[in-house]
$ cat my_file.txt   # compact mmCIF, C-alpha atoms
# COMPACT_ATOMS: atom_id res chain seq x y z
CA MET A 1 173.47 184.52 103.77
CA LYS A 2 177.02 183.19 103.90
CA LYS A 3 178.30 182.10 107.31
CA GLU A 4 181.12 184.66 107.27
CA GLU A 5 178.61 187.47 106.66
CA ALA A 6 176.29 186.16 109.41
CA ILE A 7 179.19 186.04 111.89
CA LYS A 8 180.19 189.58 110.88
CA GLN A 9 176.65 190.93 111.35
CA GLY A 10 176.24 188.99 114.60
CA LEU A 11 179.49 190.38 115.94
CA ALA A 12 178.41 193.94 115.12
CA LEU A 13 175.17 193.27 117.01
CA VAL A 14 176.99 191.90 120.08
CA ASN A 15 179.62 194.66 120.06
CA GLY A 16 176.82 197.25 119.98
CA SER A 17 174.73 195.60 122.71
CA THR A 18 174.91 196.30 126.44
CA ILE A 19 172.12 193.85 127.32
CA ALA A 20 171.72 190.15 126.51
CA MET A 21 168.99 187.66 127.30
CA LEU A 22 170.32 184.66 129.21
CA GLY A 23 168.53 181.30 129.03
CA THR A 24 169.21 178.64 131.66
CA ILE A 25 167.41 175.44 132.65
CA ASP A 26 165.74 175.33 136.07
CA ALA A 27 165.50 172.43 138.54
CA GLU A 28 162.22 171.29 136.94
CA GLY A 29 163.78 171.26 133.45
CA TYR A 30 162.11 174.43 132.18
CA PRO A 31 164.01 177.14 130.30
CA ASN A 32 164.21 180.43 132.24
CA ILE A 33 165.07 183.72 130.51
CA ARG A 34 166.16 187.03 132.01
CA ALA A 35 167.99 190.10 130.71
CA LEU A 36 171.55 190.65 131.89
CA ILE A 37 174.19 193.32 131.34
CA LYS A 38 176.94 192.13 128.98
CA VAL A 39 180.24 193.00 130.61
CA GLU A 40 182.64 191.97 127.83
CA ASN A 41 182.83 189.80 124.73
CA GLU A 42 185.73 188.14 122.93
CA ASP A 43 184.34 187.88 119.41
CA LEU A 44 181.23 185.70 119.50
CA ARG A 45 182.95 182.81 121.19
CA ARG A 46 183.18 184.03 124.76
CA ILE A 47 180.96 186.42 126.70
CA TRP A 48 181.45 187.63 130.26
CA PHE A 49 178.71 188.56 132.72
CA SER A 50 178.48 189.09 136.46
CA THR A 51 175.75 188.02 138.86
CA ASN A 52 174.84 187.95 142.52
CA THR A 53 176.04 184.61 143.91
CA SER A 54 172.69 184.43 145.72
CA SER A 55 170.69 184.70 142.48
CA ARG A 56 168.58 181.84 141.14
CA LYS A 57 170.72 181.40 138.05
CA VAL A 58 173.79 180.29 140.04
CA PRO A 59 172.33 176.98 141.34
CA GLN A 60 170.66 176.49 137.93
CA LEU A 61 174.02 176.82 136.16
CA LYS A 62 175.80 174.64 138.72
CA ASN A 63 173.17 171.97 138.13
CA ASN A 64 173.14 172.39 134.33
CA PRO A 65 175.69 174.58 132.52
CA LYS A 66 173.81 174.40 129.18
CA THR A 67 173.04 177.99 128.28
CA CYS A 68 171.71 180.24 125.53
CA VAL A 69 172.68 183.90 125.14
CA TYR A 70 170.47 185.99 122.86
CA PHE A 71 171.03 189.46 121.44
CA VAL A 72 168.31 191.39 119.66
CA ASP A 73 167.86 194.62 117.71
CA PHE A 74 164.11 195.13 117.40
CA ASP A 75 164.49 198.06 114.99
CA GLU A 76 166.55 195.99 112.56
CA TRP A 77 164.54 192.74 113.01
CA MET A 78 167.83 191.09 113.86
CA GLY A 79 168.42 188.45 116.51
CA LEU A 80 171.44 186.33 117.39
CA THR A 81 171.14 183.05 119.32
CA LEU A 82 174.37 181.72 120.83
CA VAL A 83 174.33 178.26 122.43
CA GLY A 84 177.01 176.83 124.68
CA LYS A 85 178.03 176.41 128.30
CA MET A 86 178.45 178.79 131.23
CA GLU A 87 181.15 178.62 133.89
CA ILE A 88 180.85 180.26 137.31
CA LEU A 89 184.16 181.80 138.41
CA GLN A 90 184.99 183.32 141.79
CA ASP A 91 188.77 183.60 141.64
CA SER A 92 190.49 186.92 142.09
CA GLU A 93 191.74 187.16 138.48
CA ALA A 94 188.25 186.74 137.04
CA ARG A 95 186.78 189.22 139.54
CA GLN A 96 189.41 191.86 138.76
CA ARG A 97 188.98 191.32 135.03
CA ILE A 98 185.33 192.31 134.89
CA TRP A 99 184.98 194.68 137.85
CA HIS A 100 183.95 198.20 136.90
CA GLU A 101 183.63 201.39 138.90
CA GLY A 102 180.10 201.64 140.19
CA ASP A 103 179.61 197.87 140.53
CA GLU A 104 179.26 198.49 144.29
CA LYS A 105 175.65 199.24 143.38
CA TYR A 106 175.20 195.49 142.89
CA TYR A 107 178.00 194.18 145.13
CA PRO A 108 178.31 196.52 148.13
CA LEU A 109 181.42 194.82 149.57
CA GLY A 110 183.41 195.50 146.40
CA VAL A 111 185.45 193.23 144.16
CA ASP A 112 185.88 190.60 146.92
CA ASP A 113 182.16 190.58 147.83
CA PRO A 114 181.22 186.89 148.23
CA ASP A 115 177.93 187.78 146.52
CA PHE A 116 179.87 188.76 143.34
CA SER A 117 180.26 185.91 140.85
CA VAL A 118 181.71 185.98 137.35
CA LEU A 119 179.92 184.15 134.54
CA ARG A 120 181.97 183.08 131.51
CA PHE A 121 179.98 181.79 128.55
CA THR A 122 181.61 179.82 125.73
CA ALA A 123 179.53 179.46 122.56
CA GLN A 124 179.48 176.26 120.51
CA TRP A 125 177.26 177.50 117.69
CA GLY A 126 175.22 180.50 116.67
CA ARG A 127 172.23 181.41 114.55
CA LEU A 128 171.54 184.82 113.07
CA TYR A 129 168.03 185.88 112.11
CA HIS A 130 167.80 188.89 109.85
CA ALA A 131 165.22 190.00 107.32
CA LEU A 132 163.26 186.69 107.43
CA THR A 133 166.29 184.47 106.88
CA HIS A 134 168.33 182.32 109.27
CA THR A 135 171.98 181.40 109.08
CA THR A 136 173.50 178.82 111.45
CA PHE A 137 177.23 178.55 112.11
CA GLU A 138 179.67 176.67 114.33
CA LEU A 139 181.94 178.61 116.68
CA MET B 140 156.54 194.33 145.72
CA LYS B 141 153.24 192.59 146.36
CA LYS B 142 152.25 189.81 143.96
CA GLU B 143 149.10 191.63 142.86
CA GLU B 144 151.17 194.70 141.93
CA ALA B 145 153.74 192.55 140.07
CA ILE B 146 150.97 190.83 138.08
CA LYS B 147 149.45 194.22 137.25
CA GLN B 148 152.80 195.64 136.06
CA GLY B 149 153.58 192.43 134.17
CA LEU B 150 150.22 192.50 132.43
CA ALA B 151 150.75 196.11 131.37
CA LEU B 152 154.13 195.07 129.92
CA VAL B 153 152.63 192.14 127.99
CA ASN B 154 149.64 194.15 126.75
CA GLY B 155 152.01 196.81 125.45
CA SER B 156 154.43 194.35 123.80
CA THR B 157 154.30 193.09 120.24
CA ILE B 158 157.42 190.94 120.57
CA ALA B 159 158.31 188.22 123.07
CA MET B 160 161.40 186.07 123.52
CA LEU B 161 160.60 182.38 123.37
CA GLY B 162 162.84 179.84 125.11
CA THR B 163 162.64 176.16 124.15
CA ILE B 164 164.91 173.17 124.79
CA ASP B 165 166.69 171.63 121.83
CA ALA B 166 167.44 167.96 121.10
CA GLU B 167 170.79 168.22 122.90
CA GLY B 168 169.11 169.70 126.01
CA TYR B 169 170.27 173.29 125.50
CA PRO B 170 167.95 176.27 125.87
CA ASN B 171 167.34 178.10 122.57
CA ILE B 172 165.97 181.67 122.49
CA ARG B 173 164.47 183.63 119.61
CA ALA B 174 162.17 186.66 119.29
CA LEU B 175 158.61 186.04 118.13
CA ILE B 176 155.59 188.22 117.40
CA LYS B 177 152.97 187.97 120.16
CA VAL B 178 149.64 187.47 118.42
CA GLU B 179 147.32 187.60 121.43
CA ASN B 180 147.32 187.24 125.20
CA GLU B 181 144.61 186.30 127.68
CA ASP B 182 145.89 187.99 130.84
CA LEU B 183 149.30 186.51 131.70
CA ARG B 184 148.05 182.94 131.74
CA ARG B 185 147.79 182.21 128.03
CA ILE B 186 149.73 183.62 125.08
CA TRP B 187 149.20 182.84 121.41
CA PHE B 188 151.87 182.82 118.70
CA SER B 189 152.17 181.47 115.18
CA THR B 190 155.09 179.75 113.53
CA ASN B 191 156.17 178.03 110.36
CA THR B 192 155.50 174.31 110.83
CA SER B 193 158.89 173.73 109.21
CA SER B 194 160.72 175.84 111.81
CA ARG B 195 163.15 174.33 114.31
CA LYS B 196 160.99 175.18 117.29
CA VAL B 197 158.18 172.81 116.21
CA PRO B 198 160.12 169.54 116.67
CA GLN B 199 161.75 171.03 119.80
CA LEU B 200 158.31 171.72 121.31
CA LYS B 201 156.95 168.32 120.23
CA ASN B 202 159.91 166.68 121.95
CA ASN B 203 159.72 168.91 125.03
CA PRO B 204 156.83 171.34 125.63
CA LYS B 205 158.58 173.07 128.55
CA THR B 206 158.82 176.72 127.54
CA CYS B 207 159.72 180.19 128.77
CA VAL B 208 158.21 183.39 127.36
CA TYR B 209 160.02 186.62 128.24
CA PHE B 210 158.93 190.22 127.79
CA VAL B 211 161.27 193.14 128.29
CA ASP B 212 161.19 196.93 128.39
CA PHE B 213 164.82 198.05 128.26
CA ASP B 214 163.93 201.71 128.94
CA GLU B 215 162.09 200.82 132.16
CA TRP B 216 164.56 198.10 133.28
CA MET B 217 161.57 195.80 133.48
CA GLY B 218 161.45 192.14 132.48
CA LEU B 219 158.80 189.46 132.88
CA THR B 220 159.64 185.75 132.80
CA LEU B 221 156.69 183.40 132.25
CA VAL B 222 157.29 179.64 132.55
CA GLY B 223 154.92 176.92 131.40
CA LYS B 224 154.09 174.64 128.49
CA MET B 225 153.45 175.19 124.79
CA GLU B 226 150.89 173.35 122.67
CA ILE B 227 151.11 173.13 118.88
CA LEU B 228 147.64 173.45 117.28
CA GLN B 229 146.73 172.97 113.63
CA ASP B 230 142.94 172.75 113.77
CA SER B 231 140.80 175.16 111.80
CA GLU B 232 139.40 176.96 114.86
CA ALA B 233 142.86 177.79 116.19
CA ARG B 234 144.04 178.89 112.74
CA GLN B 235 141.05 181.18 112.24
CA ARG B 236 141.42 182.62 115.71
CA ILE B 237 144.88 184.05 115.23
CA TRP B 238 145.01 184.67 111.46
CA HIS B 239 145.49 188.31 110.52
CA GLU B 240 145.42 190.09 107.19
CA GLY B 241 148.94 190.17 105.83
CA ASP B 242 149.96 186.85 107.36
CA GLU B 243 150.37 185.59 103.78
CA LYS B 244 153.81 187.19 104.07
CA TYR B 245 154.76 184.27 106.34
CA TYR B 246 152.25 181.64 105.12
CA PRO B 247 151.73 182.15 101.37
CA LEU B 248 148.94 179.54 101.08
CA GLY B 249 146.75 181.40 103.56
CA VAL B 250 144.95 180.26 106.70
CA ASP B 251 145.03 176.60 105.64
CA ASP B 252 148.73 176.65 104.71
CA PRO B 253 150.20 173.42 106.14
CA ASP B 254 153.27 175.49 107.05
CA PHE B 255 151.09 177.62 109.40
CA SER B 256 151.01 176.33 112.99
CA VAL B 257 149.43 177.90 116.05
CA LEU B 258 151.36 177.96 119.33
CA ARG B 259 149.37 178.25 122.57
CA PHE B 260 151.41 178.88 125.70
CA THR B 261 149.97 178.34 129.19
CA ALA B 262 151.97 179.87 132.04
CA GLN B 263 152.40 178.14 135.40
CA TRP B 264 154.30 180.90 137.16
CA GLY B 265 155.89 184.26 136.50
CA ARG B 266 158.63 186.50 137.78
CA LEU B 267 158.76 190.26 137.38
CA TYR B 268 162.04 192.15 137.56
CA HIS B 269 161.77 195.88 138.04
CA ALA B 270 164.07 198.43 139.62
CA LEU B 271 166.48 195.83 141.05
CA THR B 272 163.77 193.75 142.75
CA HIS B 273 162.15 190.44 141.79
CA THR B 274 158.65 189.22 142.55
CA THR B 275 157.62 185.63 141.81
CA PHE B 276 153.98 184.55 141.50
CA GLU B 277 151.92 181.51 140.59
CA LEU B 278 149.48 181.71 137.66
$ encode --input "my_file.txt" --output "structure tokens"
Amino acid sequence: MKKEEAIKQGLALVNGSTIAMLGTIDAEGYPNIRALIKVENEDLRRIWFSTNTSSRKVPQLKNNPKTCVYFVDFDEWMGLTLVGKMEILQDSEARQRIWHEGDEKYYPLGVDDPDFSVLRFTAQWGRLYHALTHTTFEL
Amino acid sequence: MKKEEAIKQGLALVNGSTIAMLGTIDAEGYPNIRALIKVENEDLRRIWFSTNTSSRKVPQLKNNPKTCVYFVDFDEWMGLTLVGKMEILQDSEARQRIWHEGDEKYYPLGVDDPDFSVLRFTAQWGRLYHALTHTTFEL
């Protein structure tokens, strides 16, 4: 598959996904994976999430920002691996940007809740798996 | 949730899953995630997969056996993170153990195909996420 086609298919997958798998590296050097709600994406290059500041992933990311974000469509046998770095943001602009009605469910004190942190992922490269073939591309 | 209950729910998730997400660490120290067919599991402690020997994950695992295996049920908002180490096996006993009819689709030369490798994961600990709560347990 050509890289342009892989990026196009990968973008359709990300645009249609509400959940991503986030891979971080823990204090003992092991990868840790968990599912996370995708808040927003700017093409494939940048993806926004939120998290509880008290969650395990925050110290992991502070210690090691190397991250993988994975999207999957089991029905289509399609998966997209994005590899890059994650920033943890707590400024007002970032908070306002990704806050949605109902987020009080996770952050009871609202948009200024100290337990609300913004995660901004920037991809360096990606790899699309579809129909038994892989295509790798820079971002 | 009690650990015994988390292990029970996690085991039901794994037993009912045909696909897992596998997290490895690449040569640059970044986590890499991809979906993989689960061939067999012995409780939560040991999980068997197969892979093409020529795939990227084989040199990654040879270089660094630290691995995460993740199972997810999006409908139930349930996810299970298992963290441990992966072994790469190519002996006849391991090959025979996990070979299934139809695997020629992936390994055209059959059970002795040099491009057929067995992956045996042994978990050290796990973490179940369900209904907004986490439970961590040793294995």
$ closest_atom_pairs --input "my_file.txt" --of "chain B" --to "chain A" --cutoff "7 Å" --atoms "all atoms listed in the file" --output "CSV"
residue,atom,partner,partner_atom,distance
B:Gly162,CA,A:Pro31,CA,6.0
B:Thr163,CA,A:Pro31,CA,6.4
B:Ile164,CA,A:Pro31,CA,6.9
B:Tyr169,CA,A:Lys66,CA,5.2
B:Pro170,CA,A:Cys68,CA,5.5
B:Asn171,CA,A:Cys68,CA,5.7
B:Ile172,CA,A:Thr81,CA,6.2
B:Arg173,CA,A:Thr81,CA,6.7
B:Lys205,CA,A:Tyr30,CA,5.2
B:Thr206,CA,A:Pro31,CA,5.9
B:Cys207,CA,A:Pro31,CA,5.5
B:Tyr209,CA,A:Ile33,CA,6.3
B:Gly218,CA,A:Arg34,CA,7.0
B:Thr220,CA,A:Ile33,CA,6.2
B:Val222,CA,A:Asn32,CA,7.0
$ axis_aligned_box --input "my_file.txt" --around "stretch 116-120 of chain A" --padding-each-side "8 Å" --output "AutoDock Vina command-line options"
--center_x 180.9 --center_y 185.9 --center_z 137.4 --size_x 18.1 --size_y 21.7 --size_z 27.8
$ closest_residue --input "my_file.txt" --among "B:Thr274, B:Ala145, B:Thr190, B:Leu150" --to "B:Asp254" --atoms "all atoms listed in the file"
B:Thr190
$ closest_residue --input "my_file.txt" --among "A:Ser17, A:Ser55, A:Gln9, A:Thr122" --to "B:His273" --atoms "all atoms listed in the file"
A:Ser55
$ calpha_fit_and_write --input "my_file.txt" --fixed "chain A" --moving "chain B" --output "PDB file with C-alpha atoms, in the frame of the given file"
ATOM      1  CA  MET B 140     173.474 184.522 103.733  1.00  0.00           C
ATOM      2  CA  LYS B 141     177.009 183.178 103.907  1.00  0.00           C
ATOM      3  CA  LYS B 142     178.291 182.107 107.325  1.00  0.00           C
ATOM      4  CA  GLU B 143     181.109 184.657 107.270  1.00  0.00           C
ATOM      5  CA  GLU B 144     178.593 187.460 106.648  1.00  0.00           C
ATOM      6  CA  ALA B 145     176.285 186.163 109.419  1.00  0.00           C
ATOM      7  CA  ILE B 146     179.194 186.054 111.893  1.00  0.00           C
ATOM      8  CA  LYS B 147     180.188 189.590 110.893  1.00  0.00           C
ATOM      9  CA  GLN B 148     176.629 190.922 111.355  1.00  0.00           C
ATOM     10  CA  GLY B 149     176.240 188.982 114.606  1.00  0.00           C
ATOM     11  CA  LEU B 150     179.490 190.371 115.961  1.00  0.00           C
ATOM     12  CA  ALA B 151     178.416 193.920 115.129  1.00  0.00           C
ATOM     13  CA  LEU B 152     175.165 193.261 117.028  1.00  0.00           C
ATOM     14  CA  VAL B 153     176.991 191.903 120.091  1.00  0.00           C
ATOM     15  CA  ASN B 154     179.619 194.662 120.071  1.00  0.00           C
ATOM     16  CA  GLY B 155     176.850 197.252 119.984  1.00  0.00           C
ATOM     17  CA  SER B 156     174.742 195.607 122.718  1.00  0.00           C
ATOM     18  CA  THR B 157     174.916 196.291 126.431  1.00  0.00           C
ATOM     19  CA  ILE B 158     172.145 193.841 127.316  1.00  0.00           C
ATOM     20  CA  ALA B 159     171.742 190.149 126.510  1.00  0.00           C
ATOM     21  CA  MET B 160     169.005 187.644 127.290  1.00  0.00           C
ATOM     22  CA  LEU B 161     170.312 184.659 129.204  1.00  0.00           C
ATOM     23  CA  GLY B 162     168.519 181.305 129.021  1.00  0.00           C
ATOM     24  CA  THR B 163     169.201 178.642 131.657  1.00  0.00           C
ATOM     25  CA  ILE B 164     167.401 175.437 132.654  1.00  0.00           C
ATOM     26  CA  ASP B 165     165.747 175.317 136.053  1.00  0.00           C
ATOM     27  CA  ALA B 166     165.496 172.415 138.519  1.00  0.00           C
ATOM     28  CA  GLU B 167     162.213 171.282 136.950  1.00  0.00           C
ATOM     29  CA  GLY B 168     163.782 171.263 133.454  1.00  0.00           C
ATOM     30  CA  TYR B 169     162.108 174.435 132.177  1.00  0.00           C
ATOM     31  CA  PRO B 170     163.996 177.142 130.305  1.00  0.00           C
ATOM     32  CA  ASN B 171     164.219 180.422 132.254  1.00  0.00           C
ATOM     33  CA  ILE B 172     165.067 183.723 130.519  1.00  0.00           C
ATOM     34  CA  ARG B 173     166.167 187.034 132.006  1.00  0.00           C
ATOM     35  CA  ALA B 174     168.002 190.121 130.710  1.00  0.00           C
ATOM     36  CA  LEU B 175     171.568 190.660 131.891  1.00  0.00           C
ATOM     37  CA  ILE B 176     174.221 193.319 131.343  1.00  0.00           C
ATOM     38  CA  LYS B 177     176.951 192.118 128.966  1.00  0.00           C
ATOM     39  CA  VAL B 178     180.251 193.013 130.602  1.00  0.00           C
ATOM     40  CA  GLU B 179     182.640 191.973 127.832  1.00  0.00           C
ATOM     41  CA  ASN B 180     182.832 189.812 124.728  1.00  0.00           C
ATOM     42  CA  GLU B 181     185.738 188.168 122.931  1.00  0.00           C
ATOM     43  CA  ASP B 182     184.351 187.887 119.398  1.00  0.00           C
ATOM     44  CA  LEU B 183     181.218 185.711 119.504  1.00  0.00           C
ATOM     45  CA  ARG B 184     182.960 182.800 121.177  1.00  0.00           C
ATOM     46  CA  ARG B 185     183.182 184.032 124.754  1.00  0.00           C
ATOM     47  CA  ILE B 186     180.954 186.419 126.701  1.00  0.00           C
ATOM     48  CA  TRP B 187     181.452 187.627 130.258  1.00  0.00           C
ATOM     49  CA  PHE B 188     178.712 188.564 132.726  1.00  0.00           C
ATOM     50  CA  SER B 189     178.475 189.091 136.463  1.00  0.00           C
ATOM     51  CA  THR B 190     175.767 188.011 138.853  1.00  0.00           C
ATOM     52  CA  ASN B 191     174.823 187.938 142.497  1.00  0.00           C
ATOM     53  CA  THR B 192     176.029 184.604 143.891  1.00  0.00           C
ATOM     54  CA  SER B 193     172.697 184.423 145.712  1.00  0.00           C
ATOM     55  CA  SER B 194     170.685 184.701 142.481  1.00  0.00           C
ATOM     56  CA  ARG B 195     168.588 181.832 141.138  1.00  0.00           C
ATOM     57  CA  LYS B 196     170.716 181.403 138.047  1.00  0.00           C
ATOM     58  CA  VAL B 197     173.790 180.294 140.046  1.00  0.00           C
ATOM     59  CA  PRO B 198     172.350 176.983 141.325  1.00  0.00           C
ATOM     60  CA  GLN B 199     170.644 176.496 137.930  1.00  0.00           C
ATOM     61  CA  LEU B 200     174.006 176.833 136.148  1.00  0.00           C
ATOM     62  CA  LYS B 201     175.791 174.633 138.708  1.00  0.00           C
ATOM     63  CA  ASN B 202     173.158 171.961 138.128  1.00  0.00           C
ATOM     64  CA  ASN B 203     173.146 172.391 134.345  1.00  0.00           C
ATOM     65  CA  PRO B 204     175.684 174.593 132.521  1.00  0.00           C
ATOM     66  CA  LYS B 205     173.818 174.398 129.195  1.00  0.00           C
ATOM     67  CA  THR B 206     173.027 177.997 128.290  1.00  0.00           C
ATOM     68  CA  CYS B 207     171.693 180.248 125.548  1.00  0.00           C
ATOM     69  CA  VAL B 208     172.682 183.904 125.147  1.00  0.00           C
ATOM     70  CA  TYR B 209     170.469 185.992 122.861  1.00  0.00           C
ATOM     71  CA  PHE B 210     171.022 189.461 121.444  1.00  0.00           C
ATOM     72  CA  VAL B 211     168.313 191.395 119.661  1.00  0.00           C
ATOM     73  CA  ASP B 212     167.861 194.615 117.709  1.00  0.00           C
ATOM     74  CA  PHE B 213     164.107 195.129 117.407  1.00  0.00           C
ATOM     75  CA  ASP B 214     164.496 198.066 114.984  1.00  0.00           C
ATOM     76  CA  GLU B 215     166.562 195.979 112.551  1.00  0.00           C
ATOM     77  CA  TRP B 216     164.544 192.742 113.005  1.00  0.00           C
ATOM     78  CA  MET B 217     167.835 191.089 113.849  1.00  0.00           C
ATOM     79  CA  GLY B 218     168.433 188.452 116.513  1.00  0.00           C
ATOM     80  CA  LEU B 219     171.448 186.326 117.383  1.00  0.00           C
ATOM     81  CA  THR B 220     171.137 183.058 119.307  1.00  0.00           C
ATOM     82  CA  LEU B 221     174.367 181.725 120.830  1.00  0.00           C
ATOM     83  CA  VAL B 222     174.315 178.261 122.438  1.00  0.00           C
ATOM     84  CA  GLY B 223     177.001 176.823 124.687  1.00  0.00           C
ATOM     85  CA  LYS B 224     178.036 176.410 128.308  1.00  0.00           C
ATOM     86  CA  MET B 225     178.453 178.791 131.234  1.00  0.00           C
ATOM     87  CA  GLU B 226     181.167 178.613 133.887  1.00  0.00           C
ATOM     88  CA  ILE B 227     180.839 180.255 137.302  1.00  0.00           C
ATOM     89  CA  LEU B 228     184.167 181.806 138.407  1.00  0.00           C
ATOM     90  CA  GLN B 229     184.999 183.315 141.785  1.00  0.00           C
ATOM     91  CA  ASP B 230     188.784 183.592 141.630  1.00  0.00           C
ATOM     92  CA  SER B 231     190.488 186.934 142.080  1.00  0.00           C
ATOM     93  CA  GLU B 232     191.733 187.175 138.481  1.00  0.00           C
ATOM     94  CA  ALA B 233     188.242 186.746 137.045  1.00  0.00           C
ATOM     95  CA  ARG B 234     186.791 189.220 139.551  1.00  0.00           C
ATOM     96  CA  GLN B 235     189.407 191.856 138.749  1.00  0.00           C
ATOM     97  CA  ARG B 236     188.967 191.337 135.036  1.00  0.00           C
ATOM     98  CA  ILE B 237     185.324 192.313 134.880  1.00  0.00           C
ATOM     99  CA  TRP B 238     184.967 194.680 137.861  1.00  0.00           C
ATOM    100  CA  HIS B 239     183.944 198.202 136.908  1.00  0.00           C
ATOM    101  CA  GLU B 240     183.637 201.378 138.929  1.00  0.00           C
ATOM    102  CA  GLY B 241     180.093 201.618 140.204  1.00  0.00           C
ATOM    103  CA  ASP B 242     179.610 197.869 140.542  1.00  0.00           C
ATOM    104  CA  GLU B 243     179.249 198.487 144.292  1.00  0.00           C
ATOM    105  CA  LYS B 244     175.630 199.234 143.382  1.00  0.00           C
ATOM    106  CA  TYR B 245     175.187 195.475 142.877  1.00  0.00           C
ATOM    107  CA  TYR B 246     177.996 194.168 145.137  1.00  0.00           C
ATOM    108  CA  PRO B 247     178.299 196.523 148.130  1.00  0.00           C
ATOM    109  CA  LEU B 248     181.417 194.816 149.560  1.00  0.00           C
ATOM    110  CA  GLY B 249     183.413 195.505 146.407  1.00  0.00           C
ATOM    111  CA  VAL B 250     185.472 193.237 144.167  1.00  0.00           C
ATOM    112  CA  ASP B 251     185.870 190.601 146.891  1.00  0.00           C
ATOM    113  CA  ASP B 252     182.168 190.578 147.814  1.00  0.00           C
ATOM    114  CA  PRO B 253     181.223 186.892 148.211  1.00  0.00           C
ATOM    115  CA  ASP B 254     177.928 187.791 146.517  1.00  0.00           C
ATOM    116  CA  PHE B 255     179.871 188.774 143.344  1.00  0.00           C
ATOM    117  CA  SER B 256     180.266 185.913 140.851  1.00  0.00           C
ATOM    118  CA  VAL B 257     181.722 185.982 137.358  1.00  0.00           C
ATOM    119  CA  LEU B 258     179.926 184.150 134.546  1.00  0.00           C
ATOM    120  CA  ARG B 259     181.975 183.088 131.510  1.00  0.00           C
ATOM    121  CA  PHE B 260     179.984 181.804 128.553  1.00  0.00           C
ATOM    122  CA  THR B 261     181.615 179.828 125.728  1.00  0.00           C
ATOM    123  CA  ALA B 262     179.527 179.460 122.571  1.00  0.00           C
ATOM    124  CA  GLN B 263     179.471 176.262 120.513  1.00  0.00           C
ATOM    125  CA  TRP B 264     177.267 177.501 117.696  1.00  0.00           C
ATOM    126  CA  GLY B 265     175.195 180.489 116.679  1.00  0.00           C
ATOM    127  CA  ARG B 266     172.216 181.398 114.567  1.00  0.00           C
ATOM    128  CA  LEU B 267     171.542 184.808 113.072  1.00  0.00           C
ATOM    129  CA  TYR B 268     168.037 185.881 112.110  1.00  0.00           C
ATOM    130  CA  HIS B 269     167.795 188.889 109.849  1.00  0.00           C
ATOM    131  CA  ALA B 270     165.219 189.980 107.307  1.00  0.00           C
ATOM    132  CA  LEU B 271     163.255 186.702 107.430  1.00  0.00           C
ATOM    133  CA  THR B 272     166.293 184.462 106.872  1.00  0.00           C
ATOM    134  CA  HIS B 273     168.327 182.318 109.273  1.00  0.00           C
ATOM    135  CA  THR B 274     171.990 181.390 109.080  1.00  0.00           C
ATOM    136  CA  THR B 275     173.489 178.813 111.450  1.00  0.00           C
ATOM    137  CA  PHE B 276     177.230 178.551 112.114  1.00  0.00           C
ATOM    138  CA  GLU B 277     179.664 176.676 114.323  1.00  0.00           C
ATOM    139  CA  LEU B 278     181.940 178.632 116.683  1.00  0.00           C
TER     140      LEU B 278
END
$ residues_around --input "my_file.txt" --residues "B:Ser189" --least-positions-apart "5" --cutoff "8 Å" --atoms "only C-alpha atoms" --output "list in words"
Ile176, Val178, Ile237, Phe255, Ser256, Val257 and Leu258 of chain B
$ atom_distance --input "my_file.txt" --atom1 "atom CA of B:Ile146" --atom2 "atom CA of A:Val58"
25.2 Å
$ residues_near_point --input "my_file.txt" --point "(181.4, 197.6, 143.7)" --cutoff "12 Å" --atoms "all atoms listed in the file" --output "PyMOL selection string"
chain A and resi 50+52+95-96+98-116
$ closest_residue --input "my_file.txt" --among "B:Lys147, B:Leu200, B:Met225, B:Phe260" --to "B:Trp187" --atoms "only C-alpha atoms"
B:Phe260
$ atom_distance --input "my_file.txt" --atom1 "atom CA of B:Ala270" --atom2 "atom CA of B:Leu175"
25.4 Å
$ atom_distance --input "my_file.txt" --atom1 "atom CA of A:Glu138" --atom2 "atom CA of B:Ala166"
16.5 Å
$ closest_residue --input "my_file.txt" --among "B:Thr157, B:Asn202, B:Gln229, B:Thr192" --to "B:Arg259" --atoms "all atoms listed in the file"
B:Gln229
$ closest_residue --input "my_file.txt" --among "B:Asp165, B:Asp230, B:Ala159, B:Ala151" --to "B:Lys196" --atoms "only C-alpha atoms"
B:Asp165
$ decode --input "my_file.txt" --residues "stretch 151-166 of chain B" --atoms "C-alpha atoms" --output "CSV table (one decimal), in the first residue's frame"
chain,number,residue,atom,x,y,z
B,151,ALA,CA,-13.6,-14.4,31.9
B,152,LEU,CA,-12.5,-11.6,29.7
B,153,VAL,CA,-9.3,-13.4,28.5
B,154,ASN,CA,-11.2,-16.7,28.0
B,155,GLY,CA,-13.8,-14.9,25.9
B,156,SER,CA,-11.2,-13.0,23.8
B,157,THR,CA,-9.6,-14.1,20.5
B,158,ILE,CA,-7.6,-10.9,20.1
B,159,ALA,CA,-5.1,-9.2,22.5
B,160,MET,CA,-3.1,-6.0,22.2
B,161,LEU,CA,0.6,-6.7,22.6
B,162,GLY,CA,3.0,-3.9,23.8
B,163,THR,CA,6.7,-4.3,23.2
B,164,ILE,CA,9.6,-1.8,23.4
B,165,ASP,CA,11.4,-0.8,20.2
B,166,ALA,CA,15.1,-0.2,19.6
